[in-house]
Amino acid sequence: MALMGVQLVVSLLAASIMQRMAPHCSFARWLLCNGSLFRFKHPSEEELCALAGKQMPKPNRRDRRQNGESKPLTVPRDINLHLQKAPINAIDALVLRYFLEYQWLVDFAVYATGVFLFTECYYSVVDARKEVNIGAIWCVLTVLFGLKTLHTLMSHYFRSEEGGERSVCLAFGFMSLLLAMLVLVVREDYLEFGLESGFSSLFDNLEIFAKQQGYADWSIPVTKLTVKLGLAAVSAYIGSLLAFPGLRLSQTHLDAVQMYSDRPLIQLLLHMSFLSPVIILVLWVKPMARDFLANAPLGKTSVTLVSSDTFDSMRLWIIVASCVLRLALTRYHMQAYLNLAQKWVEQMKKEAGRIAAIDIQRKMTRIFCYLTVVTLQYLVPIFLILFSTLALKALGDFSWGTSMEETPGVTPAVVMPVAAPVLPGALDEDEEGVDNMEEDIQATVARLSDTFAALRTVLTPIFFRGFFAFLTWWVAACQVLSSLFGVYFHQYLMQN
């Protein structure tokens, strides 16, 4: 309480509520199991035999002795099969793969949003600039947990026996590495991330802090080029993580647009949500966004439509609004994915020959069991963009309004004070123990406060602006790249 005040209390309260309420009230479970999504049940062997016009074959004991198992039941592919729909409930969710990871991440993102909104209201009422922003910490943790979840899903592809998924991830990783190195050498006049000023601020503050701590001859062992190469490697890793989410997004988008062909408003919203990452990319292209709005051509003169400070706030609002739109369309994409079962059956009816009944049942079951995987692939990229933007706002000292604080510069590091030793007093043993405990707590709080103060002087808002601006832009760029390739793949290559 003494270290972070009200923010720490609210943070601990949110963590406690999330842990205790998850088995009883979960937004993630409600999103999938509230009855609005319908799955397709796989047909039984009796139903398939009835549709094929024959009776269930009785097991042949002699064939079982010879082959070790009975022959699989086969039916014609062109049978008149109609799948039965059933709403998804909480019991059905028990068989879903990675359901616990999905539930934990989505619930954590919901509580992180609540904590962030509280800190924003708290900072607007109280002058808490000297306190640590707990909401920003929750946002950064959500980004890290989202990357960890995508890593878990990608490791599943690497462990599979088929090597196609592994090759796709590696190809997108190398392509992202080349693209990241090209982006990082573009001047700030075109892509205004602020990485150059952010790295300069970081290096200068590190040198000042090291000299104040007694390391006069210490110098930073790495250069900006080395940092950029490391950032390019991290960007390539993020690009490989976002390969299959983008491919899956393109498939569900095309299916959802086709499924809601009789509802033009839903189709318009689906197209807007699909193209929203492109808008995010344009927002950081300085000649097309900031410079154009600041000096819009009007005949022989130019007018200022939006000031530079207002543009920063408007950019935050546009990104948040696009993420909210994509989150609102989650169920449409998930139902489009579940309809793949019916789509597969319709495609099977156009083929000749016979198919094993177990293959039909396995296909229906596999589509449903991977529902949470597809949901994570849809939601996690949105979480990465949304919470990176929220962290950019909180740690970069931006404002939601039209006015913004003065751009922070290089803040000199401060000397961390050393707590003075506590002299023992002539007290009783019990009182002395209590006093020593209180003094230890105060000393710990003082050390943590000094540590956070030192970090704030080294990691300045100008550094956070460059880092989180690049992270937000890069996640959107990777999703645009993979989703557009997915549209080409599903629309042309698969049909041919």
# chains A, B, ... in the order shown; residues from 1 in each chain; ligands from 1

$ residues_around --residues "Gln335 of chain A" --least-positions-apart "6" --cutoff "9 Å" --atoms "only C-alpha atoms" --output "list in words"
Ser36, Leu37, Phe38, Arg39, Thr252 and Ala256 of chain A

$ write_last_selection --atoms "N, CA, C and O atoms" --output "JSON list (two decimals), in the first residue's frame"
[["chain", "number", "residue", "atom", "x", "y", "z"],
["A", 36, "SER", "N", -25.08, -19.33, -28.43],
["A", 36, "SER", "CA", -25.17, -18.62, -29.71],
["A", 36, "SER", "C", -24.36, -19.30, -30.81],
["A", 36, "SER", "O", -24.59, -19.03, -32.00],
["A", 37, "LEU", "N", -23.42, -20.15, -30.46],
["A", 37, "LEU", "CA", -22.64, -20.91, -31.44],
["A", 37, "LEU", "C", -23.19, -22.32, -31.55],
["A", 37, "LEU", "O", -23.53, -22.95, -30.53],
["A", 38, "PHE", "N", -23.24, -22.84, -32.77],
["A", 38, "PHE", "CA", -23.78, -24.16, -33.01],
["A", 38, "PHE", "C", -22.71, -25.03, -33.65],
["A", 38, "PHE", "O", -22.04, -24.62, -34.60],
["A", 39, "ARG", "N", -22.57, -26.22, -33.11],
["A", 39, "ARG", "CA", -21.65, -27.20, -33.68],
["A", 39, "ARG", "C", -22.46, -28.25, -34.43],
["A", 39, "ARG", "O", -23.68, -28.36, -34.26],
["A", 252, "THR", "N", -11.72, -17.79, -42.24],
["A", 252, "THR", "CA", -12.97, -17.49, -41.56],
["A", 252, "THR", "C", -13.63, -16.23, -42.12],
["A", 252, "THR", "O", -14.86, -16.12, -42.15],
["A", 256, "ALA", "N", -17.27, -16.31, -43.57],
["A", 256, "ALA", "CA", -18.28, -15.47, -42.91],
["A", 256, "ALA", "C", -18.96, -14.54, -43.90],
["A", 256, "ALA", "O", -20.18, -14.33, -43.83]]

$ select_by_dssp --residues "segment 179-327 of chain A" --states "strand (DSSP E)" --output "JSON, numbers by chain"
{"A": [296, 297, 298, 301, 302, 303]}

$ write_last_selection --atoms "N, CA and C atoms" --output "PDB file, in the first residue's frame"
ATOM      1  N   ALA A 296      -2.980  19.816 -45.273  1.00  0.00           N
ATOM      2  CA  ALA A 296      -3.833  19.289 -46.329  1.00  0.00           C
ATOM      3  C   ALA A 296      -3.912  20.278 -47.478  1.00  0.00           C
ATOM      4  N   PRO A 297      -3.691  19.837 -48.712  1.00  0.00           N
ATOM      5  CA  PRO A 297      -3.727  20.777 -49.852  1.00  0.00           C
ATOM      6  C   PRO A 297      -5.151  21.237 -50.132  1.00  0.00           C
ATOM      7  N   LEU A 298      -5.304  22.545 -50.342  1.00  0.00           N
ATOM      8  CA  LEU A 298      -6.589  23.142 -50.662  1.00  0.00           C
ATOM      9  C   LEU A 298      -6.334  24.235 -51.701  1.00  0.00           C
ATOM     10  N   THR A 301      -3.203  26.733 -51.533  1.00  0.00           N
ATOM     11  CA  THR A 301      -2.787  26.847 -50.138  1.00  0.00           C
ATOM     12  C   THR A 301      -2.970  25.499 -49.441  1.00  0.00           C
ATOM     13  N   SER A 302      -2.609  25.468 -48.194  1.00  0.00           N
ATOM     14  CA  SER A 302      -2.766  24.265 -47.366  1.00  0.00           C
ATOM     15  C   SER A 302      -3.417  24.659 -46.050  1.00  0.00           C
ATOM     16  N   VAL A 303      -4.226  23.766 -45.542  1.00  0.00           N
ATOM     17  CA  VAL A 303      -4.923  24.006 -44.283  1.00  0.00           C
ATOM     18  C   VAL A 303      -4.566  22.895 -43.307  1.00  0.00           C
TER      19      VAL A 303
END

$ atom_distance --atom1 "atom CA of Gly239 of chain A" --atom2 "atom CA of Val475 of chain A"
7.7 Å

$ residues_around --residues "Phe292 of chain A" --least-positions-apart "3" --cutoff "12 Å" --atoms "only C-alpha atoms" --output "PDB file with N, CA, C and O atoms, in the first residue's frame"
ATOM      1  N   VAL A 282      -1.065   2.567 -42.041  1.00  0.00           N
ATOM      2  CA  VAL A 282      -1.021   3.900 -42.649  1.00  0.00           C
ATOM      3  C   VAL A 282      -0.870   4.984 -41.580  1.00  0.00           C
ATOM      4  O   VAL A 282      -0.271   6.034 -41.839  1.00  0.00           O
ATOM      5  N   LEU A 283      -1.375   4.735 -40.364  1.00  0.00           N
ATOM      6  CA  LEU A 283      -1.328   5.755 -39.323  1.00  0.00           C
ATOM      7  C   LEU A 283       0.094   6.121 -38.917  1.00  0.00           C
ATOM      8  O   LEU A 283       0.321   7.202 -38.355  1.00  0.00           O
ATOM      9  N   TRP A 284       1.057   5.245 -39.168  1.00  0.00           N
ATOM     10  CA  TRP A 284       2.448   5.555 -38.822  1.00  0.00           C
ATOM     11  C   TRP A 284       3.277   5.939 -40.036  1.00  0.00           C
ATOM     12  O   TRP A 284       4.481   6.143 -39.904  1.00  0.00           O
ATOM     13  N   VAL A 285       2.682   6.017 -41.201  1.00  0.00           N
ATOM     14  CA  VAL A 285       3.382   6.520 -42.383  1.00  0.00           C
ATOM     15  C   VAL A 285       3.215   8.037 -42.384  1.00  0.00           C
ATOM     16  O   VAL A 285       2.138   8.570 -42.672  1.00  0.00           O
ATOM     17  N   LYS A 286       4.255   8.739 -42.065  1.00  0.00           N
ATOM     18  CA  LYS A 286       4.159  10.177 -41.799  1.00  0.00           C
ATOM     19  C   LYS A 286       3.658  10.989 -42.982  1.00  0.00           C
ATOM     20  O   LYS A 286       2.788  11.858 -42.811  1.00  0.00           O
ATOM     21  N   PRO A 287       4.133  10.784 -44.217  1.00  0.00           N
ATOM     22  CA  PRO A 287       3.609  11.610 -45.319  1.00  0.00           C
ATOM     23  C   PRO A 287       2.128  11.377 -45.604  1.00  0.00           C
ATOM     24  O   PRO A 287       1.434  12.285 -46.075  1.00  0.00           O
ATOM     25  N   MET A 288       1.616  10.173 -45.318  1.00  0.00           N
ATOM     26  CA  MET A 288       0.226   9.844 -45.628  1.00  0.00           C
ATOM     27  C   MET A 288      -0.728  10.144 -44.481  1.00  0.00           C
ATOM     28  O   MET A 288      -1.948  10.204 -44.698  1.00  0.00           O
ATOM     29  N   ALA A 289      -0.213  10.322 -43.281  1.00  0.00           N
ATOM     30  CA  ALA A 289      -1.096  10.515 -42.130  1.00  0.00           C
ATOM     31  C   ALA A 289      -0.863  11.876 -41.479  1.00  0.00           C
ATOM     32  O   ALA A 289      -1.636  12.821 -41.675  1.00  0.00           O
ATOM     33  N   ASN A 295      -1.016  19.509 -43.135  1.00  0.00           N
ATOM     34  CA  ASN A 295      -0.895  20.431 -44.262  1.00  0.00           C
ATOM     35  C   ASN A 295      -1.697  19.879 -45.438  1.00  0.00           C
ATOM     36  O   ASN A 295      -1.134  19.477 -46.465  1.00  0.00           O
ATOM     37  N   ALA A 296      -2.980  19.816 -45.273  1.00  0.00           N
ATOM     38  CA  ALA A 296      -3.833  19.289 -46.329  1.00  0.00           C
ATOM     39  C   ALA A 296      -3.912  20.278 -47.478  1.00  0.00           C
ATOM     40  O   ALA A 296      -4.156  21.475 -47.258  1.00  0.00           O
ATOM     41  N   PRO A 297      -3.691  19.837 -48.712  1.00  0.00           N
ATOM     42  CA  PRO A 297      -3.727  20.777 -49.852  1.00  0.00           C
ATOM     43  C   PRO A 297      -5.151  21.237 -50.132  1.00  0.00           C
ATOM     44  O   PRO A 297      -6.094  20.452 -50.170  1.00  0.00           O
ATOM     45  N   LEU A 298      -5.304  22.545 -50.342  1.00  0.00           N
ATOM     46  CA  LEU A 298      -6.589  23.142 -50.662  1.00  0.00           C
ATOM     47  C   LEU A 298      -6.334  24.235 -51.701  1.00  0.00           C
ATOM     48  O   LEU A 298      -6.052  25.392 -51.366  1.00  0.00           O
ATOM     49  N   SER A 302      -2.609  25.468 -48.194  1.00  0.00           N
ATOM     50  CA  SER A 302      -2.766  24.265 -47.366  1.00  0.00           C
ATOM     51  C   SER A 302      -3.417  24.659 -46.050  1.00  0.00           C
ATOM     52  O   SER A 302      -3.175  25.750 -45.526  1.00  0.00           O
ATOM     53  N   VAL A 303      -4.226  23.766 -45.542  1.00  0.00           N
ATOM     54  CA  VAL A 303      -4.923  24.006 -44.283  1.00  0.00           C
ATOM     55  C   VAL A 303      -4.566  22.895 -43.307  1.00  0.00           C
ATOM     56  O   VAL A 303      -4.206  21.779 -43.692  1.00  0.00           O
ATOM     57  N   THR A 304      -4.685  23.221 -42.028  1.00  0.00           N
ATOM     58  CA  THR A 304      -4.411  22.251 -40.969  1.00  0.00           C
ATOM     59  C   THR A 304      -5.726  21.642 -40.506  1.00  0.00           C
ATOM     60  O   THR A 304      -6.531  22.306 -39.852  1.00  0.00           O
ATOM     61  N   LEU A 305      -5.942  20.401 -40.869  1.00  0.00           N
ATOM     62  CA  LEU A 305      -7.156  19.716 -40.447  1.00  0.00           C
ATOM     63  C   LEU A 305      -7.055  19.218 -39.019  1.00  0.00           C
ATOM     64  O   LEU A 305      -7.988  19.347 -38.227  1.00  0.00           O
ATOM     65  N   VAL A 306      -5.902  18.617 -38.691  1.00  0.00           N
ATOM     66  CA  VAL A 306      -5.674  18.062 -37.357  1.00  0.00           C
ATOM     67  C   VAL A 306      -4.276  18.458 -36.927  1.00  0.00           C
ATOM     68  O   VAL A 306      -3.306  18.277 -37.681  1.00  0.00           O
ATOM     69  N   SER A 307      -4.163  19.004 -35.731  1.00  0.00           N
ATOM     70  CA  SER A 307      -2.844  19.361 -35.206  1.00  0.00           C
ATOM     71  C   SER A 307      -2.051  18.103 -34.864  1.00  0.00           C
ATOM     72  O   SER A 307      -2.591  16.998 -34.790  1.00  0.00           O
ATOM     73  N   SER A 308      -0.760  18.294 -34.640  1.00  0.00           N
ATOM     74  CA  SER A 308       0.108  17.160 -34.362  1.00  0.00           C
ATOM     75  C   SER A 308      -0.270  16.464 -33.056  1.00  0.00           C
ATOM     76  O   SER A 308      -0.286  15.232 -32.974  1.00  0.00           O
ATOM     77  N   PHE A 311      -3.498  14.572 -33.476  1.00  0.00           N
ATOM     78  CA  PHE A 311      -3.322  13.369 -34.293  1.00  0.00           C
ATOM     79  C   PHE A 311      -2.870  12.186 -33.447  1.00  0.00           C
ATOM     80  O   PHE A 311      -3.304  11.044 -33.684  1.00  0.00           O
TER      81      PHE A 311
END

$ atom_distance --atom1 "atom CA of Leu8 of chain A" --atom2 "atom CA of Ile134 of chain A"
7.1 Å

$ residues_around --residues "Leu32 of chain A" --least-positions-apart "6" --cutoff "10 Å" --atoms "only C-alpha atoms" --output "PyMOL selection string"
chain A and resi 38+87-90+93+330-331+334+371-372+375

$ write_last_selection --atoms "N, CA and C atoms" --output "short mmCIF file (atom, residue, chain, number, x, y, z; two decimals), in the first residue's frame"
data_model
loop_
_atom_site.label_atom_id
_atom_site.label_comp_id
_atom_site.auth_asym_id
_atom_site.auth_seq_id
_atom_site.Cartn_x
_atom_site.Cartn_y
_atom_site.Cartn_z
N PHE A 38 -23.24 -22.84 -32.77
CA PHE A 38 -23.78 -24.16 -33.01
C PHE A 38 -22.71 -25.03 -33.65
N PRO A 87 -26.38 -26.53 -29.96
CA PRO A 87 -25.67 -25.39 -29.33
C PRO A 87 -24.56 -25.88 -28.42
N ILE A 88 -23.48 -25.13 -28.40
CA ILE A 88 -22.33 -25.50 -27.57
C ILE A 88 -22.61 -25.09 -26.13
N ASN A 89 -22.44 -26.01 -25.20
CA ASN A 89 -22.63 -25.74 -23.79
C ASN A 89 -21.33 -25.98 -23.04
N ALA A 90 -21.36 -25.78 -21.74
CA ALA A 90 -20.15 -25.89 -20.92
C ALA A 90 -19.60 -27.31 -20.90
N ALA A 93 -17.44 -28.05 -23.84
CA ALA A 93 -16.13 -27.39 -23.81
C ALA A 93 -15.06 -28.23 -23.15
N THR A 330 -16.35 -11.54 -33.24
CA THR A 330 -15.72 -12.83 -32.95
C THR A 330 -16.66 -13.99 -33.25
N ARG A 331 -17.91 -13.90 -32.82
CA ARG A 331 -18.83 -15.02 -32.98
C ARG A 331 -19.12 -15.31 -34.46
N MET A 334 -16.23 -17.38 -35.61
CA MET A 334 -16.23 -18.72 -35.02
C MET A 334 -17.33 -19.60 -35.60
N LEU A 371 -11.85 -25.73 -31.90
CA LEU A 371 -12.53 -24.44 -31.85
C LEU A 371 -11.76 -23.44 -31.00
N THR A 372 -11.27 -23.84 -29.84
CA THR A 372 -10.54 -22.90 -28.98
C THR A 372 -9.20 -22.50 -29.60
N THR A 375 -10.14 -19.88 -31.98
CA THR A 375 -10.52 -18.67 -31.24
C THR A 375 -9.29 -17.93 -30.73
#

$ residues_around --residues "Leu153 of chain A" --least-positions-apart "3" --cutoff "12 Å" --atoms "only C-alpha atoms" --output "PyMOL selection string"
chain A and resi 97-98+101-102+146-150+156-160+165-166+169+240-245+370+372-377+380

$ write_last_selection --atoms "N, CA, C and O atoms" --output "compact mmCIF listing (two decimals), in the first residue's frame"
# COMPACT_ATOMS: atom_id res chain seq x y z
N ARG A 97 -9.53 -28.58 -27.18
CA ARG A 97 -8.08 -28.51 -26.95
C ARG A 97 -7.68 -27.11 -26.54
O ARG A 97 -8.20 -26.12 -27.06
N TYR A 98 -6.75 -27.02 -25.59
CA TYR A 98 -6.23 -25.75 -25.07
C TYR A 98 -7.34 -24.87 -24.51
O TYR A 98 -7.23 -23.63 -24.56
N GLU A 101 -6.02 -22.85 -21.41
CA GLU A 101 -5.17 -21.73 -21.81
C GLU A 101 -6.02 -20.60 -22.40
O GLU A 101 -5.76 -19.42 -22.12
N TYR A 102 -7.01 -20.97 -23.18
CA TYR A 102 -7.90 -19.96 -23.75
C TYR A 102 -8.68 -19.23 -22.67
O TYR A 102 -8.76 -17.99 -22.67
N GLY A 146 0.08 -13.33 -24.28
CA GLY A 146 -0.42 -13.61 -25.62
C GLY A 146 0.66 -14.22 -26.51
O GLY A 146 0.40 -15.18 -27.25
N LEU A 147 1.88 -13.69 -26.44
CA LEU A 147 2.98 -14.26 -27.21
C LEU A 147 3.30 -15.68 -26.74
O LEU A 147 3.61 -16.56 -27.56
N LYS A 148 3.22 -15.91 -25.44
CA LYS A 148 3.47 -17.25 -24.93
C LYS A 148 2.41 -18.24 -25.43
O LYS A 148 2.73 -19.39 -25.78
N THR A 149 1.16 -17.81 -25.50
CA THR A 149 0.11 -18.69 -26.00
C THR A 149 0.32 -19.01 -27.47
O THR A 149 0.17 -20.17 -27.89
N LEU A 150 0.70 -18.02 -28.27
CA LEU A 150 0.99 -18.29 -29.67
C LEU A 150 2.19 -19.21 -29.82
O LEU A 150 2.23 -20.05 -30.73
N HIS A 156 2.99 -26.82 -31.17
CA HIS A 156 2.16 -27.96 -31.56
C HIS A 156 2.37 -28.30 -33.03
O HIS A 156 2.42 -29.49 -33.40
N TYR A 157 2.51 -27.29 -33.87
CA TYR A 157 2.78 -27.56 -35.29
C TYR A 157 4.16 -28.17 -35.48
O TYR A 157 4.33 -29.03 -36.36
N PHE A 158 5.13 -27.77 -34.69
CA PHE A 158 6.47 -28.31 -34.84
C PHE A 158 6.55 -29.76 -34.35
O PHE A 158 7.42 -30.50 -34.79
N ARG A 159 5.66 -30.14 -33.44
CA ARG A 159 5.67 -31.52 -32.95
C ARG A 159 4.86 -32.47 -33.82
O ARG A 159 4.90 -33.68 -33.60
N SER A 160 4.11 -31.94 -34.77
CA SER A 160 3.28 -32.80 -35.61
C SER A 160 4.16 -33.60 -36.56
O SER A 160 5.28 -33.21 -36.91
N GLU A 165 3.22 -27.63 -41.78
CA GLU A 165 3.04 -26.49 -40.88
C GLU A 165 4.36 -25.92 -40.42
O GLU A 165 4.53 -24.70 -40.31
N ARG A 166 5.33 -26.79 -40.16
CA ARG A 166 6.64 -26.32 -39.73
C ARG A 166 7.30 -25.49 -40.83
O ARG A 166 7.92 -24.44 -40.56
N CYS A 169 5.72 -21.94 -40.96
CA CYS A 169 6.20 -21.06 -39.88
C CYS A 169 7.61 -20.57 -40.16
O CYS A 169 7.92 -19.38 -39.98
N SER A 240 6.64 -15.33 -37.36
CA SER A 240 6.36 -16.77 -37.44
C SER A 240 5.20 -17.16 -36.54
O SER A 240 4.42 -18.06 -36.88
N LEU A 241 5.05 -16.49 -35.40
CA LEU A 241 3.92 -16.79 -34.52
C LEU A 241 2.59 -16.40 -35.15
O LEU A 241 1.57 -17.06 -34.93
N LEU A 242 2.60 -15.33 -35.96
CA LEU A 242 1.37 -14.81 -36.54
C LEU A 242 1.08 -15.37 -37.92
O LEU A 242 0.17 -14.89 -38.60
N ALA A 243 1.82 -16.37 -38.35
CA ALA A 243 1.60 -16.94 -39.68
C ALA A 243 0.25 -17.64 -39.76
O ALA A 243 -0.62 -17.28 -40.58
N PHE A 244 0.03 -18.63 -38.92
CA PHE A 244 -1.22 -19.38 -38.97
C PHE A 244 -2.43 -18.58 -38.49
O PHE A 244 -3.53 -18.77 -39.01
N PRO A 245 -2.30 -17.68 -37.49
CA PRO A 245 -3.46 -16.82 -37.19
C PRO A 245 -3.93 -16.00 -38.38
O PRO A 245 -5.14 -15.83 -38.60
N TYR A 370 -10.98 -28.27 -32.26
CA TYR A 370 -10.00 -27.20 -32.48
C TYR A 370 -10.65 -25.82 -32.45
O TYR A 370 -10.04 -24.84 -32.90
N THR A 372 -11.27 -23.84 -29.84
CA THR A 372 -10.54 -22.90 -28.98
C THR A 372 -9.20 -22.50 -29.60
O THR A 372 -8.73 -21.37 -29.40
N VAL A 373 -8.59 -23.40 -30.37
CA VAL A 373 -7.35 -23.04 -31.05
C VAL A 373 -7.62 -21.93 -32.07
O VAL A 373 -6.89 -20.94 -32.16
N VAL A 374 -8.70 -22.08 -32.83
CA VAL A 374 -9.06 -21.06 -33.81
C VAL A 374 -9.45 -19.76 -33.11
O VAL A 374 -9.12 -18.66 -33.58
N THR A 375 -10.14 -19.88 -31.98
CA THR A 375 -10.52 -18.67 -31.24
C THR A 375 -9.29 -17.93 -30.73
O THR A 375 -9.22 -16.69 -30.79
N LEU A 376 -8.31 -18.66 -30.23
CA LEU A 376 -7.06 -18.03 -29.79
C LEU A 376 -6.33 -17.39 -30.96
O LEU A 376 -5.78 -16.29 -30.84
N GLN A 377 -6.31 -18.07 -32.10
CA GLN A 377 -5.65 -17.50 -33.27
C GLN A 377 -6.35 -16.23 -33.75
O GLN A 377 -5.71 -15.39 -34.38
N VAL A 380 -5.83 -13.49 -30.06
CA VAL A 380 -4.52 -13.08 -29.55
C VAL A 380 -3.90 -11.95 -30.37
O VAL A 380 -3.38 -10.98 -29.80

$ closest_residue --among "A:Val95, A:Leu51, A:Val185, A:Ala28" --to "Arg77 of chain A" --atoms "only C-alpha atoms"
A:Leu51

$ closest_atom_pairs --of "segment 156-248 of chain A" --to "segment 267-281 of chain A" --cutoff "12 Å" --atoms "only C-alpha atoms" --output "tab-separated table"
residue	atom	partner	partner_atom	distance
A:Val183	CA	A:Leu281	CA	12.0
A:Tyr190	CA	A:Leu281	CA	11.7
A:Leu191	CA	A:Leu281	CA	9.5
A:Glu192	CA	A:Leu281	CA	11.1
A:Phe193	CA	A:Leu281	CA	11.2
A:Gly246	CA	A:Phe274	CA	10.3

$ write_last_selection --atoms "all heavy atoms" --output "CSV table (one decimal), in the first residue's frame"
chain,number,residue,atom,x,y,z
A,183,VAL,N,12.4,-2.4,-42.7
A,183,VAL,CA,11.6,-1.4,-42.0
A,183,VAL,C,12.5,-0.6,-41.0
A,183,VAL,O,12.4,0.6,-40.9
A,183,VAL,CB,10.4,-2.1,-41.2
A,183,VAL,CG1,9.8,-1.1,-40.3
A,183,VAL,CG2,9.4,-2.6,-42.2
A,190,TYR,N,9.6,8.9,-42.8
A,190,TYR,CA,8.6,8.1,-43.4
A,190,TYR,C,7.8,7.3,-42.5
A,190,TYR,O,6.6,7.2,-42.5
A,190,TYR,CB,9.2,7.3,-44.5
A,190,TYR,CG,9.9,8.1,-45.6
A,190,TYR,CD1,11.3,8.3,-45.6
A,190,TYR,CD2,9.2,8.7,-46.6
A,190,TYR,CE1,11.9,9.1,-46.5
A,190,TYR,CE2,9.8,9.5,-47.6
A,190,TYR,CZ,11.2,9.7,-47.6
A,190,TYR,OH,11.8,10.4,-48.5
A,191,LEU,N,8.5,6.6,-41.6
A,191,LEU,CA,7.9,5.7,-40.6
A,191,LEU,C,8.2,6.3,-39.2
A,191,LEU,O,9.4,6.2,-38.7
A,191,LEU,CB,8.3,4.3,-40.6
A,191,LEU,CG,7.8,3.5,-41.9
A,191,LEU,CD1,8.4,2.1,-41.9
A,191,LEU,CD2,6.3,3.4,-41.9
A,192,GLU,N,7.3,7.0,-38.6
A,192,GLU,CA,7.6,7.8,-37.4
A,192,GLU,C,7.4,6.9,-36.1
A,192,GLU,O,6.6,7.3,-35.2
A,192,GLU,CB,6.7,9.0,-37.3
A,192,GLU,CG,5.2,8.8,-37.5
A,192,GLU,CD,4.4,10.0,-37.2
A,192,GLU,OE1,5.0,11.0,-36.6
A,192,GLU,OE2,3.2,9.9,-37.4
A,193,PHE,N,8.2,5.9,-35.9
A,193,PHE,CA,8.1,5.1,-34.7
A,193,PHE,C,8.7,5.9,-33.5
A,193,PHE,O,8.3,5.8,-32.4
A,193,PHE,CB,8.8,3.8,-34.9
A,193,PHE,CG,8.2,2.9,-36.0
A,193,PHE,CD1,9.0,2.3,-36.9
A,193,PHE,CD2,6.8,2.8,-36.1
A,193,PHE,CE1,8.5,1.5,-37.9
A,193,PHE,CE2,6.3,2.0,-37.1
A,193,PHE,CZ,7.1,1.4,-38.0
A,246,GLY,N,-3.0,-15.5,-39.2
A,246,GLY,CA,-3.4,-14.7,-40.4
A,246,GLY,C,-4.1,-15.6,-41.4
A,246,GLY,O,-5.0,-15.2,-42.1

$ residues_around --residues "Gln342 of chain A" --least-positions-apart "2" --cutoff "12 Å" --atoms "only C-alpha atoms" --output "VMD selection string"
chain A and resid 38 to 42 81 to 85 255 259 335 to 340 344 to 349 360 363 to 364 367 to 368

$ select_by_dssp --residues "segment 220-437 of chain A" --states "alpha helix (DSSP H)" --output "ChimeraX atom specification"
/A:224-241,243-259,264-283,290-294,308-328,330-338,340-349,357-369,371-395,429-437

$ closest_residue --among "A:Leu386, A:Ile319, A:Val6, A:Phe489" --to "Arg248 of chain A" --atoms "only C-alpha atoms"
A:Phe489

$ atom_distance --atom1 "atom CA of Gly230 of chain A" --atom2 "atom CA of Ser200 of chain A"
16.2 Å

$ closest_residue --among "A:Cys369, A:Gly135, A:Thr444, A:Asp359" --to "Pro43 of chain A" --atoms "only C-alpha atoms"
A:Asp359

$ closest_residue --among "A:Leu316, A:Gln19, A:Asp189, A:Gly5" --to "Ala128 of chain A" --atoms "only C-alpha atoms"
A:Gly5

$ closest_atom_pairs --of "segment 41-151 of chain A" --to "segment 459-474 of chain A" --cutoff "12 Å" --atoms "only C-alpha atoms" --output "Markdown table"
| residue | atom | partner | partner_atom | distance |
| --- | --- | --- | --- | --- |
| A:Ala136 | CA | A:Phe464 | CA | 11.1 |
| A:Cys139 | CA | A:Phe468 | CA | 11.3 |
| A:Val140 | CA | A:Phe468 | CA | 9.8 |
| A:Val143 | CA | A:Leu471 | CA | 10.2 |
| A:Leu144 | CA | A:Leu471 | CA | 12.0 |

$ write_last_selection --atoms "all heavy atoms" --output "tab-separated table (two decimals), in the first residue's frame"
chain	number	residue	atom	x	y	z
A	136	ALA	N	-0.52	-0.18	-16.79
A	136	ALA	CA	0.45	-0.43	-17.86
A	136	ALA	C	1.14	-1.78	-17.66
A	136	ALA	O	1.42	-2.49	-18.63
A	136	ALA	CB	1.49	0.69	-17.90
A	139	CYS	N	-1.12	-4.45	-18.88
A	139	CYS	CA	-1.13	-4.46	-20.34
A	139	CYS	C	0.10	-5.17	-20.90
A	139	CYS	O	-0.01	-5.98	-21.83
A	139	CYS	CB	-1.21	-3.04	-20.88
A	139	CYS	SG	-2.77	-2.19	-20.53
A	140	VAL	N	1.27	-4.87	-20.35
A	140	VAL	CA	2.50	-5.52	-20.81
A	140	VAL	C	2.43	-7.02	-20.54
A	140	VAL	O	2.85	-7.84	-21.38
A	140	VAL	CB	3.72	-4.88	-20.14
A	140	VAL	CG1	4.99	-5.63	-20.50
A	140	VAL	CG2	3.85	-3.42	-20.57
A	143	VAL	N	0.35	-8.74	-23.15
A	143	VAL	CA	1.10	-8.92	-24.40
A	143	VAL	C	2.05	-10.11	-24.28
A	143	VAL	O	2.12	-10.96	-25.19
A	143	VAL	CB	1.87	-7.63	-24.74
A	143	VAL	CG1	2.81	-7.87	-25.93
A	143	VAL	CG2	0.91	-6.51	-25.06
A	144	LEU	N	2.75	-10.23	-23.17
A	144	LEU	CA	3.68	-11.34	-22.99
A	144	LEU	C	2.95	-12.68	-22.93
A	144	LEU	O	3.39	-13.67	-23.53
A	144	LEU	CB	4.50	-11.12	-21.71
A	144	LEU	CG	5.44	-9.91	-21.72
A	144	LEU	CD1	6.15	-9.78	-20.37
A	144	LEU	CD2	6.46	-10.03	-22.84
